[in-house]
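Pasted below: coords-v1.txt, compact mmCIF, C-alpha atoms.
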# COMPACT_ATOMS: atom_id res chain seq x y z
CA MET A 258 -77.66 -61.04 -26.88
CA VAL A 259 -78.62 -61.67 -30.46
CA GLU A 260 -78.32 -65.42 -30.57
CA HIS A 261 -80.95 -67.02 -32.76
CA GLU A 262 -80.84 -67.44 -36.50
CA SER A 263 -83.93 -65.25 -36.90
CA CYS A 264 -82.25 -62.57 -34.77
CA GLN A 265 -79.24 -62.63 -37.10
CA GLU A 266 -81.59 -62.32 -40.08
CA LEU A 267 -83.31 -59.37 -38.45
CA LEU A 268 -79.95 -57.72 -37.91
CA GLN A 269 -79.19 -57.99 -41.62
CA GLY A 270 -82.48 -56.32 -42.52
CA LEU A 271 -82.54 -53.80 -39.69
CA SER A 272 -81.24 -50.76 -41.60
CA ALA A 273 -83.57 -51.35 -44.54
CA TYR A 274 -86.49 -51.74 -42.13
CA ILE A 275 -85.64 -48.51 -40.32
CA ASP A 276 -85.33 -46.69 -43.64
CA ASP A 277 -88.64 -48.12 -44.96
CA GLU A 278 -86.67 -49.76 -47.75
CA ALA A 279 -87.41 -53.38 -46.83
CA SER A 280 -89.85 -55.35 -48.95
CA GLU A 281 -93.35 -56.06 -47.60
CA THR A 282 -92.43 -59.67 -46.99
CA ILE A 283 -89.30 -58.78 -45.03
CA CYS A 284 -91.24 -56.16 -43.05
CA ARG A 285 -93.87 -58.74 -42.11
CA GLU A 286 -91.20 -61.22 -41.04
CA ILE A 287 -89.39 -58.61 -38.98
CA GLU A 288 -92.58 -57.40 -37.29
CA GLN A 289 -93.61 -60.96 -36.49
CA HIS A 290 -90.17 -61.62 -35.01
CA LEU A 291 -90.25 -58.38 -33.01
CA GLU A 292 -93.49 -59.48 -31.32
CA GLU A 293 -91.73 -62.55 -29.99
CA CYS A 294 -88.22 -61.28 -29.32
CA ASP A 295 -87.61 -58.59 -26.71
CA ASN A 296 -83.90 -58.39 -27.47
CA CYS A 297 -84.50 -57.54 -31.11
CA ARG A 298 -87.14 -54.99 -30.19
CA ILE A 299 -84.60 -53.34 -27.90
CA MET A 300 -82.03 -53.52 -30.68
CA LEU A 301 -84.44 -51.74 -33.04
CA ASP A 302 -85.55 -49.11 -30.52
CA THR A 303 -82.02 -48.26 -29.41
CA MET A 304 -80.77 -48.06 -32.97
CA ARG A 305 -83.59 -45.65 -33.87
CA LYS A 306 -82.82 -43.62 -30.76
CA THR A 307 -79.11 -43.57 -31.63
CA ILE A 308 -79.85 -42.15 -35.07
CA SER A 309 -82.24 -39.53 -33.70
CA LEU A 310 -79.72 -38.40 -31.05
CA TYR A 311 -77.10 -37.84 -33.75
CA GLN A 312 -79.58 -36.01 -35.94
CA PHE A 313 -80.55 -33.75 -33.06
CA ALA A 314 -76.92 -33.03 -32.13
CA ASP A 315 -76.03 -32.34 -35.76
CA SER A 316 -78.92 -29.93 -36.25
CA ALA A 317 -77.50 -27.77 -33.45
CA ASP A 318 -74.32 -27.06 -35.44
CA HIS A 319 -74.59 -23.88 -37.46
CA LEU A 320 -72.18 -22.15 -39.78
CA PRO A 321 -70.65 -19.40 -37.61
CA SER A 322 -71.10 -15.95 -39.14
CA GLU A 323 -67.35 -15.19 -39.00
CA ILE A 324 -66.57 -18.36 -40.95
CA GLU A 325 -69.25 -17.48 -43.50
CA ALA A 326 -67.78 -13.97 -43.81
CA ARG A 327 -64.27 -15.33 -44.41
CA LEU A 328 -65.66 -17.78 -46.98
CA LEU A 329 -67.37 -15.02 -48.93
CA GLU A 330 -64.20 -12.94 -48.77
CA THR A 331 -62.11 -15.82 -50.09
CA LEU A 332 -64.52 -16.51 -52.92
CA HIS A 333 -64.31 -12.93 -54.18
CA ILE A 334 -60.69 -13.34 -55.29
CA GLU A 335 -60.72 -11.81 -58.71
CA ASP A 336 -58.74 -14.41 -60.61
CA MET A 337 -60.58 -17.34 -58.97
CA LEU A 338 -62.59 -18.38 -62.00
CA SER A 339 -59.71 -18.38 -64.43
CA LYS A 340 -57.63 -20.87 -62.42
CA PRO A 341 -57.82 -24.47 -63.63
CA SER A 342 -58.80 -27.02 -60.99
CA ASP A 343 -55.81 -28.61 -59.29
CA ASP A 344 -57.89 -31.23 -57.51
CA PRO A 345 -57.57 -34.62 -59.27
CA SER A 346 -60.51 -35.97 -57.28
CA ILE A 347 -62.97 -33.75 -59.13
CA GLU A 348 -64.68 -35.56 -61.93
CA THR A 349 -67.20 -34.43 -64.43
CA SER A 350 -70.28 -36.19 -63.08
CA MET B 29 -81.73 -13.91 -54.60
CA ASP B 30 -83.45 -17.30 -54.35
CA LYS B 31 -81.98 -18.83 -51.20
CA GLU B 32 -83.99 -22.04 -51.29
CA HIS B 33 -83.37 -23.43 -54.75
CA PRO B 34 -80.10 -24.29 -56.45
CA PRO B 35 -78.94 -21.93 -59.19
CA SER B 36 -78.99 -23.15 -62.77
CA VAL B 37 -75.83 -24.86 -63.93
CA GLU B 38 -75.97 -22.73 -67.10
CA ALA B 39 -75.78 -19.55 -65.01
CA LEU B 40 -72.87 -20.92 -63.00
CA GLN B 41 -71.03 -21.97 -66.14
CA ALA B 42 -71.66 -18.53 -67.65
CA GLY B 43 -69.85 -17.00 -64.66
CA ASP B 44 -72.96 -15.39 -63.16
CA ARG B 45 -71.74 -14.14 -59.79
CA GLU B 46 -75.25 -14.04 -58.35
CA ALA B 47 -75.59 -17.72 -59.17
CA TYR B 48 -72.31 -18.39 -57.34
CA ALA B 49 -73.53 -16.48 -54.31
CA GLN B 50 -76.80 -18.41 -54.45
CA MET B 51 -74.91 -21.70 -54.48
CA VAL B 52 -72.75 -20.66 -51.53
CA GLU B 53 -75.72 -19.36 -49.57
CA LEU B 54 -77.67 -22.56 -50.09
CA TYR B 55 -74.97 -25.16 -49.56
CA SER B 56 -72.31 -23.65 -47.27
CA PRO B 57 -74.15 -24.48 -43.99
CA LYS B 58 -74.54 -28.12 -45.09
CA ILE B 59 -70.96 -28.41 -46.31
CA TYR B 60 -69.66 -26.91 -43.06
CA ARG B 61 -71.68 -29.35 -40.93
CA LEU B 62 -70.44 -32.25 -43.05
CA ALA B 63 -66.85 -31.07 -42.73
CA LEU B 64 -67.09 -30.47 -39.01
CA ARG B 65 -68.51 -33.92 -38.37
CA MET B 66 -65.90 -35.53 -40.62
CA VAL B 67 -62.72 -33.84 -39.39
CA ASP B 68 -63.89 -32.91 -35.86
CA ASP B 69 -61.99 -29.63 -35.82
CA PRO B 70 -63.51 -26.20 -36.57
CA LEU B 71 -60.34 -24.82 -38.18
CA GLU B 72 -59.94 -27.79 -40.47
CA ALA B 73 -63.67 -27.77 -41.21
CA GLU B 74 -63.33 -24.16 -42.35
CA ASP B 75 -60.46 -25.18 -44.63
CA VAL B 76 -62.60 -27.97 -46.10
CA LEU B 77 -65.45 -25.51 -46.64
CA GLN B 78 -63.26 -23.00 -48.45
CA GLU B 79 -61.47 -25.63 -50.54
CA THR B 80 -64.80 -27.17 -51.54
CA PHE B 81 -66.18 -23.96 -53.02
CA LEU B 82 -62.88 -22.84 -54.53
CA ASN B 83 -62.56 -26.18 -56.28
CA ALA B 84 -66.21 -26.17 -57.30
CA PHE B 85 -65.88 -22.69 -58.82
CA ARG B 86 -62.79 -23.75 -60.74
CA ALA B 87 -64.33 -27.02 -61.95
CA ILE B 88 -67.87 -25.89 -62.74
CA GLN B 89 -67.10 -25.83 -66.47
CA LYS B 90 -66.41 -29.58 -66.30
CA PHE B 91 -69.70 -30.34 -64.53
CA GLU B 92 -71.89 -32.30 -66.96
CA GLY B 93 -74.98 -32.64 -64.80
CA ARG B 94 -75.00 -36.42 -64.56
CA SER B 95 -75.64 -35.99 -60.84
CA SER B 96 -77.34 -33.09 -59.07
CA LEU B 97 -75.37 -30.00 -58.15
CA SER B 98 -75.65 -30.86 -54.46
CA THR B 99 -74.37 -34.42 -55.00
CA TRP B 100 -71.44 -32.99 -56.97
CA LEU B 101 -70.63 -30.53 -54.15
CA TYR B 102 -70.92 -33.27 -51.55
CA ARG B 103 -68.47 -35.31 -53.61
CA ILE B 104 -65.92 -32.49 -53.65
CA ALA B 105 -66.44 -31.77 -49.94
CA THR B 106 -66.17 -35.42 -48.95
CA ASN B 107 -62.94 -35.81 -50.92
CA GLN B 108 -61.52 -32.71 -49.26
CA ALA B 109 -62.51 -33.94 -45.80
CA LEU B 110 -61.01 -37.37 -46.47
CA MET B 111 -57.76 -35.70 -47.53
CA HIS B 112 -57.69 -33.86 -44.20
CA LEU B 113 -58.37 -37.08 -42.31
CA ARG B 114 -55.54 -38.73 -44.24
CA LYS B 115 -53.21 -35.95 -43.10
CA GLN B 116 -54.40 -36.33 -39.50
CA SER B 117 -53.72 -40.09 -39.39
CA PRO B 118 -51.68 -41.10 -42.43
CA THR B 119 -50.67 -44.50 -41.06
CA LEU B 120 -54.11 -45.53 -39.88
CA PHE B 121 -56.03 -44.33 -42.90
CA SER B 122 -57.81 -46.57 -45.33
CA VAL B 123 -61.09 -45.64 -47.01
CA ASP B 124 -61.42 -49.10 -48.48
CA GLU B 125 -60.80 -51.11 -45.36
CA PRO B 126 -62.64 -54.41 -45.20
CA ILE B 127 -66.06 -54.29 -43.60
CA PRO B 128 -66.46 -56.79 -40.74
CA ASN B 129 -68.65 -59.79 -41.43
CA LEU B 130 -72.13 -59.40 -39.98
CA ASP B 131 -72.45 -63.16 -39.71
CA ASP B 132 -69.59 -63.37 -37.23
CA PRO B 133 -70.96 -65.83 -34.63
CA ASP B 134 -68.69 -64.36 -31.95
CA GLN B 135 -70.19 -60.92 -32.32
CA ARG B 136 -72.25 -60.04 -29.26
CA TYR B 137 -74.38 -56.97 -28.77
CA GLU B 138 -75.27 -54.98 -25.68
CA ILE B 139 -78.99 -55.39 -25.10
CA VAL B 140 -80.08 -52.69 -22.70
CA ASP B 141 -83.22 -50.65 -23.23
CA TRP B 142 -81.93 -47.17 -22.49
CA CYS B 143 -84.63 -45.41 -24.53
CA CYS B 144 -86.60 -45.06 -21.28
CA LEU B 145 -84.02 -42.70 -19.76
CA PRO B 146 -85.33 -39.19 -19.12
CA GLU B 147 -84.87 -36.89 -22.13
CA GLU B 148 -82.61 -34.53 -20.16
CA GLU B 149 -80.16 -37.41 -19.78
CA PHE B 150 -79.59 -37.31 -23.55
CA MET B 151 -78.87 -33.57 -23.52
CA THR B 152 -76.09 -33.48 -20.94
CA THR B 153 -72.63 -32.27 -21.91
CA GLU B 154 -71.28 -35.69 -21.05
CA THR B 155 -73.72 -37.46 -23.37
CA GLN B 156 -72.96 -35.03 -26.18
CA ALA B 157 -69.24 -35.71 -25.68
CA GLN B 158 -69.96 -39.44 -25.80
CA LEU B 159 -71.83 -39.05 -29.12
CA LYS B 160 -68.88 -37.14 -30.53
CA GLU B 161 -66.34 -39.67 -29.32
CA ALA B 162 -68.28 -42.64 -30.72
CA ILE B 163 -68.61 -41.19 -34.22
CA GLN B 164 -64.93 -40.30 -34.32
CA GLU B 165 -64.12 -43.95 -33.54
CA LEU B 166 -65.71 -44.98 -36.83
CA SER B 167 -63.41 -45.64 -39.76
CA PRO B 168 -63.56 -42.96 -42.48
CA ALA B 169 -65.46 -45.38 -44.72
CA LEU B 170 -68.23 -45.94 -42.18
CA LYS B 171 -68.29 -42.40 -40.82
CA THR B 172 -68.74 -40.88 -44.27
CA VAL B 173 -71.70 -43.08 -45.12
CA PHE B 174 -73.38 -42.46 -41.76
CA ILE B 175 -72.99 -38.70 -42.11
CA LEU B 176 -74.27 -38.57 -45.67
CA ARG B 177 -77.20 -40.95 -45.16
CA ASP B 178 -78.39 -40.29 -41.62
CA LEU B 179 -77.33 -36.70 -40.97
CA HIS B 180 -77.61 -35.20 -44.46
CA HIS B 181 -80.43 -37.47 -45.64
CA LEU B 182 -78.87 -38.32 -48.98
CA THR B 183 -80.47 -41.35 -50.61
CA THR B 184 -78.57 -44.60 -50.94
CA ARG B 185 -78.09 -43.85 -54.62
CA GLU B 186 -76.82 -40.31 -54.03
CA THR B 187 -74.42 -41.56 -51.35
CA ALA B 188 -73.13 -44.19 -53.76
CA GLN B 189 -72.57 -41.46 -56.37
CA VAL B 190 -70.75 -39.21 -53.90
CA LEU B 191 -68.42 -41.99 -52.79
CA ASP B 192 -68.20 -43.84 -56.10
CA ILE B 193 -69.17 -47.14 -54.50
CA THR B 194 -72.07 -49.52 -55.07
CA GLU B 195 -75.44 -49.05 -53.41
CA SER B 196 -74.95 -52.40 -51.77
CA ALA B 197 -71.69 -51.15 -50.20
CA VAL B 198 -73.53 -48.06 -48.92
CA LYS B 199 -76.14 -50.24 -47.23
CA THR B 200 -73.55 -52.51 -45.64
CA ARG B 201 -71.47 -49.62 -44.36
CA LEU B 202 -74.52 -47.82 -43.01
CA LEU B 203 -75.60 -50.86 -41.04
CA ARG B 204 -72.07 -51.33 -39.65
CA ALA B 205 -71.87 -47.67 -38.67
CA ARG B 206 -75.27 -47.71 -36.98
CA LEU B 207 -74.42 -50.92 -35.13
CA HIS B 208 -71.14 -49.48 -33.89
CA LEU B 209 -72.72 -46.24 -32.69
CA ARG B 210 -75.64 -48.04 -31.07
CA GLU B 211 -73.21 -50.34 -29.31
CA ALA B 212 -71.08 -47.45 -28.06
CA LEU B 213 -74.11 -45.60 -26.71
CA SER B 214 -75.57 -48.78 -25.20
CA SER B 215 -72.36 -49.36 -23.23
CA TYR B 216 -72.44 -45.78 -22.04
CA PHE B 217 -76.12 -45.64 -21.14
CA SER B 218 -76.15 -49.05 -19.47
CA GLU B 219 -73.75 -47.56 -16.93
CA ARG B 220 -76.02 -44.55 -16.51
CA LEU B 221 -78.99 -46.86 -15.89
CA LYS B 222 -77.12 -48.50 -13.02
CA GLU B 223 -76.88 -45.18 -11.22
CA PRO B 224 -79.43 -44.87 -8.36
CA ASP B 225 -81.20 -41.81 -9.79
CA ASN B 226 -82.00 -43.65 -13.00
CA GLY B 227 -82.91 -46.96 -11.39
Target format structure tokens, applied to this file:
Amino acid sequence: MVEHESCQELLQGLSAYIDDEASETICREIEQHLEECDNCRIMLDTMRKTISLYQFADSADHLPSEIEARLLETLHIEDMLSKPSDDPSIETS
Amino acid sequence: MDKEHPPSVEALQAGDREAYAQMVELYSPKIYRLALRMVDDPLEAEDVLQETFLNAFRAIQKFEGRSSLSTWLYRIATNQALMHLRKQSPTLFSVDEPIPNLDDPDQRYEIVDWCCLPEEEFMTTETQAQLKEAIQELSPALKTVFILRDLHHLTTRETAQVLDITESAVKTRLLRARLHLREALSSYFSERLKEPDNG
């Protein structure tokens, strides 16, 4: 379990550490803590593994050719470009 | 046709059909993967894909280039996917639901080192189903951030632009999403580790 104050601090900085977005000071503190705390090392390793498993699974999904064909067919509707957008969520940014 | 680089916005706004085709060629696989992961249904994902490009084509004249073309498309696609999710579960849906407090002293985490399991264990149909189930348990707010940041590799800033939230909110949601998914997989794999073959 993550029980100590330093473990809780590590948890807060875990994502930034994984993404290489943590400051040098935070990185040093985390690495020092990881040398002493097996639970937090497991937390870090399993979180990294979780992300990599999802990335691997996601990379296996491809756009099926029949869906691509239907998309291209739909987008060749002649009057498509003259229609004003009816989606209020679209902004100009 | 250049299939690796985005077309110029000027060409798109001038109605250049080759530029449209280039945009579709480049971004449709990504938009489909995003949609599929978000709505978890191939038919609905196809709808999201089509709606995204139809809306993008219609709105390209309003695009001012304050974000990149891909960020703009992701924004349209994400909004479309969220609309589909809202239709799927109208009573349960809230994009802006409160994010649980990370300092909750009662929060306990499963600490089991399952990284040592054989690689083939991670490739089984059952494990893949578990991955799918866990991500679909995430709230739309957390799921969207996880997909954009970890699966589509958008930066924190780009994700914030897509979702119109602060970078700080992106970071908080990403951590919550990762913690939830890690926890779900840890529960699952801890059971697998207890099995004699994985002892």
Under the rule of at most 8 Å, produce a per-residue listing of chain B near chain A: chain, number, name, the closest pair of atoms, and the distance in Å, as a Markdown table, using all atoms listed in the file.
| residue | atom | partner | partner_atom | distance |
| --- | --- | --- | --- | --- |
| B:Gly43 | CA | A:Leu338 | CA | 7.9 |
| B:Ser56 | CA | A:Leu320 | CA | 7.6 |
| B:Pro57 | CA | A:Leu320 | CA | 5.2 |
| B:Tyr60 | CA | A:Leu320 | CA | 6.3 |
| B:Arg61 | CA | A:Asp318 | CA | 6.5 |
| B:Glu74 | CA | A:Ile324 | CA | 6.8 |
| B:Leu77 | CA | A:Leu328 | CA | 7.7 |
| B:Gln78 | CA | A:Leu328 | CA | 5.9 |
| B:Phe81 | CA | A:Leu332 | CA | 7.6 |
| B:Leu82 | CA | A:Leu332 | CA | 6.7 |
| B:Asn83 | CA | A:Ser342 | CA | 6.1 |
| B:Phe85 | CA | A:Leu338 | CA | 6.3 |
| B:Arg86 | CA | A:Ser342 | CA | 5.2 |
| B:Ala87 | CA | A:Ser342 | CA | 5.6 |
| B:Lys90 | CA | A:Thr349 | CA | 5.3 |
| B:Phe91 | CA | A:Thr349 | CA | 4.8 |
| B:Glu92 | CA | A:Ser350 | CA | 5.7 |
| B:Gly93 | CA | A:Ser350 | CA | 6.1 |
| B:Arg94 | CA | A:Ser350 | CA | 5.0 |
| B:Ser95 | CA | A:Ser350 | CA | 5.8 |
| B:Trp100 | CA | A:Ser350 | CA | 7.0 |
| B:Arg103 | CA | A:Ile347 | CA | 7.9 |
| B:Ile104 | CA | A:Ile347 | CA | 6.3 |
| B:Asn107 | CA | A:Ser346 | CA | 6.8 |
| B:Leu130 | CA | A:Gln269 | CA | 7.4 |
| B:Asp131 | CA | A:Gln265 | CA | 7.3 |
| B:Arg136 | CA | A:Met258 | CA | 6.0 |
| B:Tyr137 | CA | A:Met258 | CA | 5.6 |
| B:Glu138 | CA | A:Met258 | CA | 6.6 |
| B:Ile139 | CA | A:Met258 | CA | 6.1 |
| B:Val140 | CA | A:Ile299 | CA | 6.9 |
| B:Asp141 | CA | A:Ile299 | CA | 5.6 |
| B:Trp142 | CA | A:Thr303 | CA | 7.0 |
| B:Cys143 | CA | A:Thr303 | CA | 6.2 |
| B:Phe150 | CA | A:Leu310 | CA | 7.6 |
| B:Gln156 | CA | A:Ala314 | CA | 7.4 |
| B:Leu159 | CA | A:Tyr311 | CA | 7.1 |
| B:Asp178 | CA | A:Ile308 | CA | 7.0 |
| B:Leu179 | CA | A:Gln312 | CA | 5.6 |
| B:Lys199 | CA | A:Ser272 | CA | 7.6 |
| B:Leu202 | CA | A:Ser272 | CA | 7.5 |
| B:Leu203 | CA | A:Ser272 | CA | 5.7 |
| B:Arg206 | CA | A:Met304 | CA | 6.8 |
| B:Leu207 | CA | A:Met304 | CA | 7.3 |
| B:Leu209 | CA | A:Thr307 | CA | 7.0 |
| B:Arg210 | CA | A:Met304 | CA | 5.5 |
| B:Leu213 | CA | A:Thr307 | CA | 7.3 |
| B:Ser214 | CA | A:Thr303 | CA | 7.7 |
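Across the structure, CA of Ala205 in chain B and CA of Phe174 in chain B are spaced 6.2 Å apart.
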task = Work out how far CA of His208 in chain B is from CA of Gln108 in chain B, in Å to one decimal.
result =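 For CA of Gln108 in chain B relative to CA of His208 in chain B, the distance reads 24.7 Å.
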ask   = Hey, what's within 12 Å of Glu32 in chain B if we count all atoms listed in the file and toss same-chain stuff fewer than 2 positions away? As a ChimeraX atom specification, please?
value = /B:29-30,34-35,50-55
task = Rounded to one decimal place, report the CA of Arg285 in chain A-CA of Thr200 in chain B distance in Å.
result = 21.5 Å
